[in-house]
Each structure stands twice: as structure tokens, then as C-alpha cells.
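Structure below is data06.cif: mmCIF, C-alpha atoms.
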```cif
data_my_file
#
loop_
_atom_site.label_atom_id
_atom_site.label_comp_id
_atom_site.auth_asym_id
_atom_site.auth_seq_id
_atom_site.Cartn_x
_atom_site.Cartn_y
_atom_site.Cartn_z
CA MET W 20 -202.10 155.54 47.49
CA THR W 21 -199.07 157.31 48.86
CA ALA W 22 -195.73 155.91 49.91
CA THR W 23 -196.72 156.29 53.54
CA SER W 24 -199.97 154.35 53.31
CA THR W 25 -200.76 150.70 52.77
CA PRO W 26 -203.56 149.15 50.73
CA GLU W 27 -206.50 147.65 52.56
CA ALA W 28 -208.21 144.37 51.82
CA PRO W 29 -211.90 144.73 50.89
CA HIS W 30 -213.86 145.73 53.97
CA GLY W 31 -210.52 145.71 55.85
CA GLU W 32 -210.70 141.98 56.57
CA PRO W 33 -208.45 139.34 54.92
CA ARG W 34 -210.96 136.59 55.76
CA VAL W 35 -213.51 138.41 53.60
CA VAL W 36 -211.00 138.16 50.74
CA ALA W 37 -210.59 134.43 51.39
CA ALA W 38 -214.36 133.91 51.30
CA MET W 39 -214.66 135.87 48.05
CA PHE W 40 -211.94 133.85 46.33
CA GLY W 41 -213.47 130.68 47.71
CA ARG W 42 -216.68 131.47 45.84
CA ILE W 43 -214.92 131.89 42.48
CA ALA W 44 -212.20 129.25 42.91
CA GLY W 45 -213.77 126.74 40.52
CA ARG W 46 -213.58 129.10 37.51
CA TYR W 47 -210.62 131.20 38.68
CA ASP W 48 -208.01 129.77 36.28
CA LEU W 49 -210.35 129.82 33.28
CA VAL W 50 -211.42 133.42 33.85
CA ASN W 51 -207.80 134.52 34.33
CA ARG W 52 -206.76 132.95 31.02
CA LEU W 53 -209.64 134.54 29.15
CA LEU W 54 -209.49 138.03 30.64
CA SER W 55 -205.70 138.29 30.21
CA PHE W 56 -205.74 136.63 26.75
CA GLY W 57 -203.29 134.09 28.15
CA SER W 58 -200.79 136.73 29.24
CA ASP W 59 -200.97 135.83 32.93
CA GLY W 60 -199.05 132.62 32.23
CA ARG W 61 -196.25 134.53 30.51
CA TRP W 62 -196.13 137.02 33.36
CA ARG W 63 -195.79 134.21 35.90
CA ARG W 64 -193.00 132.59 33.90
CA PHE W 65 -191.13 135.90 33.81
CA ALA W 66 -191.61 136.32 37.57
CA ALA W 67 -190.34 132.79 38.20
CA ASP W 68 -187.24 133.54 36.13
CA GLN W 69 -186.52 136.61 38.29
CA ALA W 70 -186.28 134.39 41.39
CA ARG W 71 -183.04 132.99 39.91
CA LEU W 72 -183.54 129.59 41.46
CA ARG W 73 -181.15 126.71 41.00
CA PRO W 74 -181.67 122.93 41.15
CA GLY W 75 -182.08 121.84 44.76
CA ASP W 76 -183.33 125.23 46.01
CA ARG W 77 -186.32 125.78 48.29
CA ALA W 78 -188.89 128.38 47.19
CA LEU W 79 -192.01 129.91 48.72
CA ASP W 80 -195.02 131.20 46.79
CA VAL W 81 -197.22 133.44 48.96
CA ALA W 82 -200.90 133.93 48.04
CA SER W 83 -200.36 130.91 45.82
CA GLY W 84 -203.99 130.36 44.84
CA THR W 85 -204.34 127.30 42.63
CA GLY W 86 -200.57 127.02 42.35
CA ASP W 87 -199.71 128.27 38.86
CA LEU W 88 -196.66 130.25 39.96
CA ALA W 89 -195.63 127.52 42.41
CA PHE W 90 -195.54 125.03 39.52
CA GLU W 91 -193.32 127.41 37.53
CA LEU W 92 -190.96 127.60 40.50
CA ALA W 93 -190.94 123.80 40.75
CA ARG W 94 -189.67 123.55 37.17
CA ARG W 95 -186.71 125.68 38.16
CA VAL W 96 -185.72 123.94 41.41
CA GLY W 97 -185.56 120.55 39.74
CA ALA W 98 -186.15 117.09 41.15
CA SER W 99 -184.10 117.77 44.29
CA GLY W 100 -185.77 121.09 45.13
CA SER W 101 -189.05 121.96 46.84
CA VAL W 102 -191.75 124.63 46.73
CA ALA W 103 -194.22 125.68 49.42
CA GLY W 104 -197.44 127.26 48.16
CA LEU W 105 -199.23 129.27 50.87
CA ASP W 106 -202.74 130.69 50.63
CA LEU W 107 -205.53 131.84 52.93
CA THR W 108 -208.32 130.34 50.78
CA ARG W 109 -208.88 126.64 51.37
CA ALA W 110 -210.88 126.15 48.15
CA MET W 111 -207.94 127.47 46.13
CA LEU W 112 -205.53 125.17 47.95
CA LEU W 113 -207.71 122.14 47.27
CA LEU W 114 -207.66 122.96 43.56
CA GLY W 115 -203.89 123.36 43.72
CA GLN W 116 -203.56 119.98 45.39
CA ALA W 117 -205.76 118.42 42.70
CA LYS W 118 -203.56 119.96 39.99
CA SER W 119 -200.47 118.55 41.74
CA ARG W 120 -202.01 115.07 41.69
CA GLU W 121 -202.99 115.37 38.02
CA ARG W 122 -199.46 116.46 37.10
CA ARG W 123 -197.82 113.99 39.49
CA GLU W 124 -196.03 117.02 40.91
CA LYS W 125 -194.47 116.04 44.22
CA ARG W 126 -192.20 119.06 44.68
CA VAL W 127 -195.03 121.48 45.57
CA ASP W 128 -196.70 121.40 48.99
CA HIS W 129 -199.85 123.51 49.40
CA HIS W 130 -200.38 125.02 52.86
CA GLU W 131 -203.09 127.19 54.38
CA GLY W 132 -201.62 130.31 55.96
CA ASP W 133 -201.47 134.09 56.21
CA ALA W 134 -198.98 136.30 54.34
CA MET W 135 -198.80 138.52 57.42
CA ASN W 136 -197.60 135.71 59.67
CA LEU W 137 -195.68 133.14 57.63
CA PRO W 138 -195.44 129.78 59.44
CA TYR W 139 -191.76 129.26 58.64
CA ARG W 140 -188.41 129.74 60.33
CA ASP W 141 -186.02 132.54 59.40
CA ASP W 142 -183.78 132.10 56.35
CA VAL W 143 -185.34 128.78 55.25
CA PHE W 144 -186.03 129.60 51.56
CA HIS W 145 -183.80 130.65 48.68
CA ALA W 146 -186.53 132.86 47.16
CA ALA W 147 -190.13 133.94 47.75
CA THR W 148 -192.75 135.12 45.27
CA MET W 149 -196.22 136.65 45.27
CA ALA W 150 -198.43 137.06 42.19
CA PHE W 151 -201.64 139.11 42.19
CA GLY W 152 -202.00 138.86 45.96
CA GLY W 153 -200.59 142.17 47.12
CA ARG W 154 -203.89 144.02 46.72
CA ASN W 155 -205.47 141.64 49.20
CA VAL W 156 -203.11 141.93 52.16
CA PRO W 157 -203.80 144.53 54.87
CA ASP W 158 -200.16 145.66 55.14
CA LEU W 159 -197.91 145.32 52.09
CA ARG W 160 -194.78 146.35 53.96
CA GLY W 161 -195.51 143.73 56.60
CA ALA W 162 -195.92 141.07 53.92
CA PHE W 163 -192.61 142.04 52.30
CA ARG W 164 -190.96 142.04 55.73
CA GLU W 165 -192.22 138.52 56.39
CA MET W 166 -191.04 137.31 52.99
CA GLY W 167 -187.63 138.84 53.61
CA ARG W 168 -187.47 137.15 57.01
CA VAL W 169 -187.97 133.63 55.66
CA VAL W 170 -185.60 134.08 52.69
CA GLU W 171 -181.90 133.64 53.29
CA PRO W 172 -179.63 136.69 52.85
CA GLY W 173 -179.06 137.38 49.17
CA GLY W 174 -182.19 135.51 48.12
CA ARG W 175 -184.82 137.22 45.98
CA ILE W 176 -188.34 138.40 46.76
CA VAL W 177 -190.38 138.67 43.55
CA PHE W 178 -193.71 140.51 43.40
CA LEU W 179 -196.01 140.42 40.35
CA GLU W 180 -199.08 142.65 40.30
CA LEU W 181 -201.49 144.37 37.95
CA ASN W 182 -201.05 148.09 37.34
CA ARG W 183 -202.89 150.96 35.66
CA PRO W 184 -200.70 152.02 32.71
CA LYS W 185 -199.82 155.70 32.42
CA THR W 186 -199.75 156.06 28.63
CA PHE W 187 -202.63 158.25 27.43
CA GLY W 188 -205.10 156.27 25.37
CA PHE W 189 -203.87 152.92 26.60
CA ARG W 190 -204.81 153.88 30.15
CA GLN W 191 -208.35 154.77 29.04
CA LEU W 192 -208.64 151.49 27.14
CA PHE W 193 -207.41 149.60 30.20
CA ASP W 194 -209.96 151.36 32.43
CA PHE W 195 -212.84 150.57 30.08
CA TYR W 196 -211.82 146.94 29.74
CA PHE W 197 -211.28 146.41 33.47
CA HIS W 198 -214.30 148.34 34.73
CA THR W 199 -216.84 147.25 32.10
CA PHE W 200 -215.83 144.13 30.19
CA SER W 201 -214.03 142.19 32.95
CA PRO W 202 -216.89 142.30 35.50
CA LEU W 203 -219.37 141.27 32.80
CA VAL W 204 -217.39 138.28 31.53
CA GLY W 205 -216.01 137.32 34.93
CA GLY W 206 -219.49 137.50 36.44
CA LEU W 207 -221.05 135.38 33.70
CA LEU W 208 -218.39 132.67 33.93
CA SER W 209 -218.01 132.56 37.70
CA GLY W 210 -221.54 133.44 38.79
CA ASP W 211 -220.13 136.14 41.08
CA ARG W 212 -220.00 139.53 39.39
CA ALA W 213 -219.20 141.29 42.67
CA ALA W 214 -215.84 139.52 42.86
CA TYR W 215 -214.87 140.81 39.42
CA GLU W 216 -216.11 144.30 40.24
CA TYR W 217 -213.71 144.21 43.19
CA LEU W 218 -210.76 143.49 40.87
CA PRO W 219 -210.68 146.88 39.06
CA ARG W 220 -211.46 148.76 42.27
CA SER W 221 -208.56 147.05 44.02
CA VAL W 222 -206.19 147.92 41.16
CA ASP W 223 -207.36 151.56 41.22
CA LYS W 224 -206.74 151.86 44.96
CA PHE W 225 -203.47 149.97 45.06
CA GLU W 226 -199.99 151.40 45.41
CA SER W 227 -198.29 153.00 42.41
CA VAL W 228 -195.20 151.38 40.95
CA GLY W 229 -192.95 153.85 42.74
CA ASP W 230 -194.72 153.30 46.05
CA ILE W 231 -194.36 149.52 45.83
CA ALA W 232 -190.62 149.96 45.43
CA VAL W 233 -190.63 152.22 48.50
CA CYS W 234 -192.61 149.58 50.43
CA MET W 235 -189.98 146.99 49.55
CA ARG W 236 -187.15 149.22 50.70
CA ASP W 237 -189.01 150.16 53.88
CA ALA W 238 -189.37 146.44 54.59
CA GLY W 239 -185.58 146.12 54.48
CA LEU W 240 -185.19 144.65 50.99
CA LYS W 241 -182.19 145.76 48.94
CA ASP W 242 -181.39 146.43 45.29
CA VAL W 243 -185.05 146.83 44.27
CA THR W 244 -185.67 146.66 40.52
CA VAL W 245 -188.86 147.24 38.51
CA HIS W 246 -189.88 145.37 35.34
CA PRO W 247 -193.02 146.61 33.49
CA LEU W 248 -194.78 144.05 31.29
CA MET W 249 -197.23 144.54 28.42
CA PHE W 250 -197.02 148.35 28.38
CA GLY W 251 -197.23 148.47 32.17
CA VAL W 252 -200.45 146.45 32.60
CA ALA W 253 -198.46 144.16 34.89
CA VAL W 254 -195.27 144.94 36.80
CA VAL W 255 -192.70 142.71 38.47
CA HIS W 256 -190.77 144.12 41.42
CA VAL W 257 -187.68 142.32 42.70
CA GLY W 258 -185.92 142.88 46.01
CA VAL W 259 -183.02 141.12 47.71
CA ALA W 260 -183.22 139.82 51.27
CA PRO W 261 -180.67 141.52 53.58
#
```
Write out the structure in this file as C-alpha cells.
Amino acid sequence: MTATSTPEAPHGEPRVVAAMFGRIAGRYDLVNRLLSFGSDGRWRRFAADQARLRPGDRALDVASGTGDLAFELARRVGASGSVAGLDLTRAMLLLGQAKSRERREKRVDHHEGDAMNLPYRDDVFHAATMAFGGRNVPDLRGAFREMGRVVEPGGRIVFLELNRPKTFGFRQLFDFYFHTFSPLVGGLLSGDRAAYEYLPRSVDKFESVGDIAVCMRDAGLKDVTVHPLMFGVAVVHVGVAP
């Protein structure tokens, strides 16, 4: 990808993405834990810290899935704060709602909605996050623009995504693991190998780290910073709403 292009959802249709994630929703959390060796939880905690939320704040988690990052945000906004978790896949939202009930978590509300057209007023949140959802939106700049719109000036937009590392040797190991091992294990556990073959392809075709930063700036976000994790396998980008 170049800085002037935007990644496309599979087959160019976000609803196709929603249907795909709907098929694997029941095993999604388990497969994530196994394939990342538990690292995805640490990455989400780091991303939540970058939002710099305070007790009583309101936060938005876009492409929230089953709510793992939303729950991390809830821990940071305290009893008087609130978190909205938005996702296009109803099956994921239902699992998130079930997790909220199990945890007696009343601060997180799970809503069905599109990252490209957020159903919120301007400047209503103190921070917005997105984890592992950027590869599935048709226009990354547009998604960042929407997140910046609903976050009050000075609030943070935090973006966590997978990335192909550049270090020779480690990059080859990453490619083998993602293209061979992940589809095999993910397919066996979820019953949908095609979904886990999409994962490495989407990472391959996605924006580079530098291009994501450009996308954020093009969307009007300020003071963009980049935080590589685990030798660059995952990267957190942070921008500030104007």
C-alpha cells in the first residue's frame, strides 16, 4: 500500500467482513489467545493505557468485537465513566454482551454500527480506540476522520494493528507462521479455514507503519506517535483530535 491509497475490505464489501467474523465469533477469543500466545491481551492493555483516560471519562471502542479492549477501557474510566463498544458483526456483539453480564460490567454498552458512519454526536467522547479492525474498513482515513469527529479536542485516537516486521529472519519467521501455521490451527479450531487465510493476506496488503501515520495526519489528527510492540509484530498509533 502507498500513502495515497486505502486498504480494501475483502471483496470490497464491509458486510462480507461482518458475515465472516460472524461465522468464527464463537471461537474468536480462544483462537486469538492461542495464535498470539496470549500477547493480544498485553497489546490491548498497552493501547488502553495510551488513551490516557481518567475516572468519569467517556470512551469509544470501534470494531469492538467481543469487547476485550472495551473492558480494558472500562477499568480506566472507573465507576462513574462509560464505554461504547461498536461493531458491525451482531454475533460478536452478542458475545460481548454475554461477557458483560458474566462480569457484571455495567459501564460498557455494545452497539451495532459502522466505523465509516459513527452514530454519535461531535465531541462526545474523551478518547476512541480501534484494535485489529483497520484492515477491514474500506477507507482508513475516513474511519480516523470519524473517530476524530466524535472525540473532543485534545482527546486521543488509539489504533492497534498487526504488522509485518522488517527485521530479516524475524520477518520470514512471521510470514511462515502467519501463512502456514495460523490458517491450519485457526481453521481446525473455528471450522472456517478461509477466515484465517484472510488474516495473513489482509496484513500483507495493509498500510505500512509510515502510511498509517500519514492516514492519521490526513484525517486531521495531530501529534501522531508510533509504538512498535513485540519486535514490530503489532504497532500502536496514537493521534490527537484537533
Skip range 250-257 of chain W itself and residues of its chain fewer than 3 positions away, then list as a list in words all residues within 7 Å of it, counting only C-alpha atoms.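 After dropping sequence-adjacent residues, the list is Ala66, Arg175, Ile176, Val177, Phe178, Leu179, Glu180, Leu181, Asn182, Arg183, Pro184, Val243, Thr244, Val245, His246 and Pro247 of chain W.
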Target residues per the PyMOL selection byres ((chain W and resi 80) around 9), formatted as a VMD selection string: chain W and resid 78 to 79 81 to 83 86 88 to 89 92 102 to 106 146 to 150
Point-to-point distance in Å for CA of Gly84 in chain W and CA of Gly60 in chain W: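 Calculated distance between CA of Gly60 in chain W and CA of Gly84 in chain W is 13.7 Å.
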CA of Met39 in chain W and CA of Asp194 in chain W are how many Å apart?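 Taking CA of Met39 in chain W as the start and CA of Asp194 in chain W as the end point, the length is 22.5 Å.
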What would the selection look like, as a list in words, if the PyMOL selection byres ((chain W and resi 112) around 9) were run on the coordinates I just shared? Ser83, Gly84, Thr85, Gly86, Gly104, Leu105, Asp106, Leu107, Thr108, Arg109, Ala110, Met111, Leu113, Leu114, Gly115, Gln116, Ala117, His129, His130 and Glu131 of chain W
Nearest candidate to Phe200 in chain W (options W:Val96, W:Leu240, W:Ala67, W:Leu218; using only C-alpha atoms): W:Leu218
Kindly give the distance, in Å, that separates CA of Leu159 in chain W and CA of Cys234 in chain W, rounded to a single decimal.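 Atom-to-atom, CA of Leu159 in chain W and CA of Cys234 in chain W are spaced 7.0 Å apart.
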Using all atoms listed in the file, find the one residue out of W:Arg123, W:Leu248, W:Phe225, W:Gly174 that sits nearest to Asp59 in chain W. W:Leu248
Considering only C-alpha atoms, state which residue in the set W:Arg236, W:Asp142, W:Arg77, W:Phe90 is at the smallest distance from Arg122 in chain W.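 Closest candidate: W:Phe90.
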Determine the residue membership of the PyMOL selection byres ((chain W and resi 261) around 9) for the file above and supply it as an MDAnalysis selection string. chainID W and resid 167:168 170:174 239:241 259:260
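Restricting the calculation to only C-alpha atoms, the smallest distance between Trp62 in chain W and any of W:Glu216, W:Asp87, W:Asp133, W:Asp48 is found for W:Asp87.
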Show me, as a ChimeraX atom specification, the residues that have an atom within 12 Å of range 33-35 of chain W when counting all atoms listed in the file, minus same-chain residues fewer than 6 positions from it. /W:26-27,41-42,82,106-109,132-135,152-158,214,217
Generate the output file for the selected residues, C-alpha atoms, as a PDB file, in the frame of the given file.
```
ATOM      1  CA  PRO W  26    -203.560 149.150  50.730  1.00  0.00           C
ATOM      2  CA  GLU W  27    -206.500 147.650  52.560  1.00  0.00           C
ATOM      3  CA  GLY W  41    -213.470 130.680  47.710  1.00  0.00           C
ATOM      4  CA  ARG W  42    -216.680 131.470  45.840  1.00  0.00           C
ATOM      5  CA  ALA W  82    -200.900 133.930  48.040  1.00  0.00           C
ATOM      6  CA  ASP W 106    -202.740 130.690  50.630  1.00  0.00           C
ATOM      7  CA  LEU W 107    -205.530 131.840  52.930  1.00  0.00           C
ATOM      8  CA  THR W 108    -208.320 130.340  50.780  1.00  0.00           C
ATOM      9  CA  ARG W 109    -208.880 126.640  51.370  1.00  0.00           C
ATOM     10  CA  GLY W 132    -201.620 130.310  55.960  1.00  0.00           C
ATOM     11  CA  ASP W 133    -201.470 134.090  56.210  1.00  0.00           C
ATOM     12  CA  ALA W 134    -198.980 136.300  54.340  1.00  0.00           C
ATOM     13  CA  MET W 135    -198.800 138.520  57.420  1.00  0.00           C
ATOM     14  CA  GLY W 152    -202.000 138.860  45.960  1.00  0.00           C
ATOM     15  CA  GLY W 153    -200.590 142.170  47.120  1.00  0.00           C
ATOM     16  CA  ARG W 154    -203.890 144.020  46.720  1.00  0.00           C
ATOM     17  CA  ASN W 155    -205.470 141.640  49.200  1.00  0.00           C
ATOM     18  CA  VAL W 156    -203.110 141.930  52.160  1.00  0.00           C
ATOM     19  CA  PRO W 157    -203.800 144.530  54.870  1.00  0.00           C
ATOM     20  CA  ASP W 158    -200.160 145.660  55.140  1.00  0.00           C
ATOM     21  CA  ALA W 214    -215.840 139.520  42.860  1.00  0.00           C
ATOM     22  CA  TYR W 217    -213.710 144.210  43.190  1.00  0.00           C
TER      23      TYR W 217
END
```
